[in-house]
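Worksheet for the structure shown next.
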Amino acid sequence: MPICQSCGNQWSWKQTFRKMFTLDVSIECPYCKKKQYQTRTSRKRAAYMTLLILLPLILPIAPEIKLIILFSFFVICTIGFPYMIQLSNEEEHMF
């Protein structure tokens with residue numbers, strides 16, 4: 001689970017899950033209200049997880065099985081992603 005770099009508090013899974021669905025690059029800490037940013041590594045992991053979710057679409061298997069695998073990957077990645085987020089006080093550029 002992510003830990004705020006300003007106040008040191010660890011966020012709960014529920015708090016992290018809610019903050020995942022924002023379009024802003026900064027994420028506000030629920031405890032100290034300071035802006036936090038995902039680390040470069042954390043954003044790369046998110047990109048890889050997106051690719052993992054889409055992987056079954058290119059596999060040469062039956063469409064029904066593709067949907068089951070696609071849905072399973074989506075659920076696993078959605079539940080697991082809050083555990084992989086790391087935070088920073090400053091925004092790190094991807095490249």
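Here's how to read the names in the structure tokens: chain A, B, ... by the order shown, residue numbers from 1 in each chain, ligand numbers from 1 in the order shown.
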Can you tell me which residues surround range 47-56 of chain A at a distance of at most 9 Å, considering only C-alpha atoms, apart from same-chain residues fewer than 4 positions away, and format the answer as a JSON list (two decimals) with C-alpha atoms, in the first residue's frame?
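Result file part_1.json:
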```
[["chain", "number", "residue", "atom", "x", "y", "z"],
["A", 42, "SER", "CA", 4.71, 2.90, -10.31],
["A", 43, "ARG", "CA", 3.41, 4.46, -13.54],
["A", 60, "PRO", "CA", -5.25, -17.43, -30.99],
["A", 61, "ILE", "CA", -7.91, -19.04, -28.79],
["A", 65, "ILE", "CA", -12.07, -18.18, -23.47],
["A", 66, "LYS", "CA", -10.56, -14.81, -24.42],
["A", 67, "LEU", "CA", -13.38, -13.01, -22.63],
["A", 69, "ILE", "CA", -9.21, -14.53, -19.44],
["A", 70, "LEU", "CA", -9.67, -10.82, -20.21],
["A", 71, "PHE", "CA", -12.19, -10.42, -17.39],
["A", 72, "SER", "CA", -10.01, -12.43, -14.98],
["A", 73, "PHE", "CA", -6.92, -10.31, -15.74],
["A", 74, "PHE", "CA", -8.98, -7.14, -15.34],
["A", 77, "CYS", "CA", -5.15, -6.14, -11.89],
["A", 81, "PHE", "CA", -2.98, -2.32, -8.40]]
```
Quiz item: Mind checking DSSP for chain A and telling me the alpha helix (DSSP H) residues as a ChimeraX atom specification?
Solution: /A:13-20,40-54,63-84
Exercise. As a ChimeraX atom specification, list the residues of range 20-60 of chain A assigned to strand (DSSP E) by DSSP on the backbone atoms of this structure.
Key: /A:26-28,35-38
Go ahead and write the residues just picked, C-alpha atoms, as an mmCIF file, in the first residue's frame.
```
data_model
loop_
_atom_site.group_PDB
_atom_site.id
_atom_site.type_symbol
_atom_site.label_atom_id
_atom_site.label_comp_id
_atom_site.auth_asym_id
_atom_site.auth_seq_id
_atom_site.Cartn_x
_atom_site.Cartn_y
_atom_site.Cartn_z
ATOM 1 C CA SER A 26 -1.345 14.613 -8.273
ATOM 2 C CA ILE A 27 -3.102 12.574 -5.617
ATOM 3 C CA GLU A 28 -4.113 14.235 -2.355
ATOM 4 C CA LYS A 35 -0.166 16.502 -3.025
ATOM 5 C CA GLN A 36 1.530 13.217 -3.793
ATOM 6 C CA TYR A 37 2.614 11.845 -7.159
ATOM 7 C CA GLN A 38 3.066 8.320 -8.431
#
```
List as a compact mmCIF listing (two decimals) with C-alpha atoms, in the first residue's frame the protein and nucleic acid residues near Phe17 in chain A, meaning an atom at most 10 Å away when only C-alpha atoms are counted, but skip any in the same chain fewer than 5 places from it.
```
# COMPACT_ATOMS: atom_id res chain seq x y z
CA TRP A 11 -3.15 4.51 2.94
CA SER A 12 -5.80 1.82 3.12
CA THR A 78 -7.87 -3.89 -10.47
CA ILE A 79 -7.68 -5.55 -7.06
CA GLY A 80 -3.87 -5.74 -7.05
CA PHE A 81 -2.98 -2.32 -8.40
CA PRO A 82 -3.42 -0.39 -5.11
CA TYR A 83 -0.71 -2.63 -3.60
```
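What separates CA of Thr16 in chain A from CA of Lys44 in chain A is a distance of 17.4 Å.
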Residue contacts of Cys32 in chain A (9 Å, only C-alpha atoms) excluding same-chain residues fewer than 3 positions away, as a short mmCIF file (atom, residue, chain, number, x, y, z; two decimals) with C-alpha atoms, in the first residue's frame:
```
data_model
loop_
_atom_site.label_atom_id
_atom_site.label_comp_id
_atom_site.auth_asym_id
_atom_site.auth_seq_id
_atom_site.Cartn_x
_atom_site.Cartn_y
_atom_site.Cartn_z
CA CYS A 4 2.57 9.33 2.06
CA SER A 6 4.97 13.95 3.69
CA CYS A 7 3.28 12.54 6.78
CA ASN A 9 0.86 7.43 6.95
CA GLU A 28 -4.11 14.24 -2.35
CA CYS A 29 -3.13 12.42 0.82
CA LYS A 35 -0.17 16.50 -3.03
#
```
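Note that the spacing between CA of Ala46 in chain A and CA of Met20 in chain A amounts to 10.6 Å.
Shortest atom-to-atom contact with Gln10 in chain A among A:Ile58, A:Asp24, A:Thr39, A:Pro30: A:Pro30, counting only C-alpha atoms.
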Practice problem: Return the single residue from A:Val75, A:Leu57, A:Met1, A:Ala62 that is closest to Gln15 in chain A, with distances computed using only C-alpha atoms. | Solution: A:Met1
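When CA of Pro63 in chain A is paired with CA of Ile76 in chain A, their separation reads 19.8 Å.
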Quiz prompt | Proximity to Lys34 in chain A - best of A:Arg18, A:Glu64, A:Leu59, A:Leu87, only C-alpha atoms | solution = A:Leu87
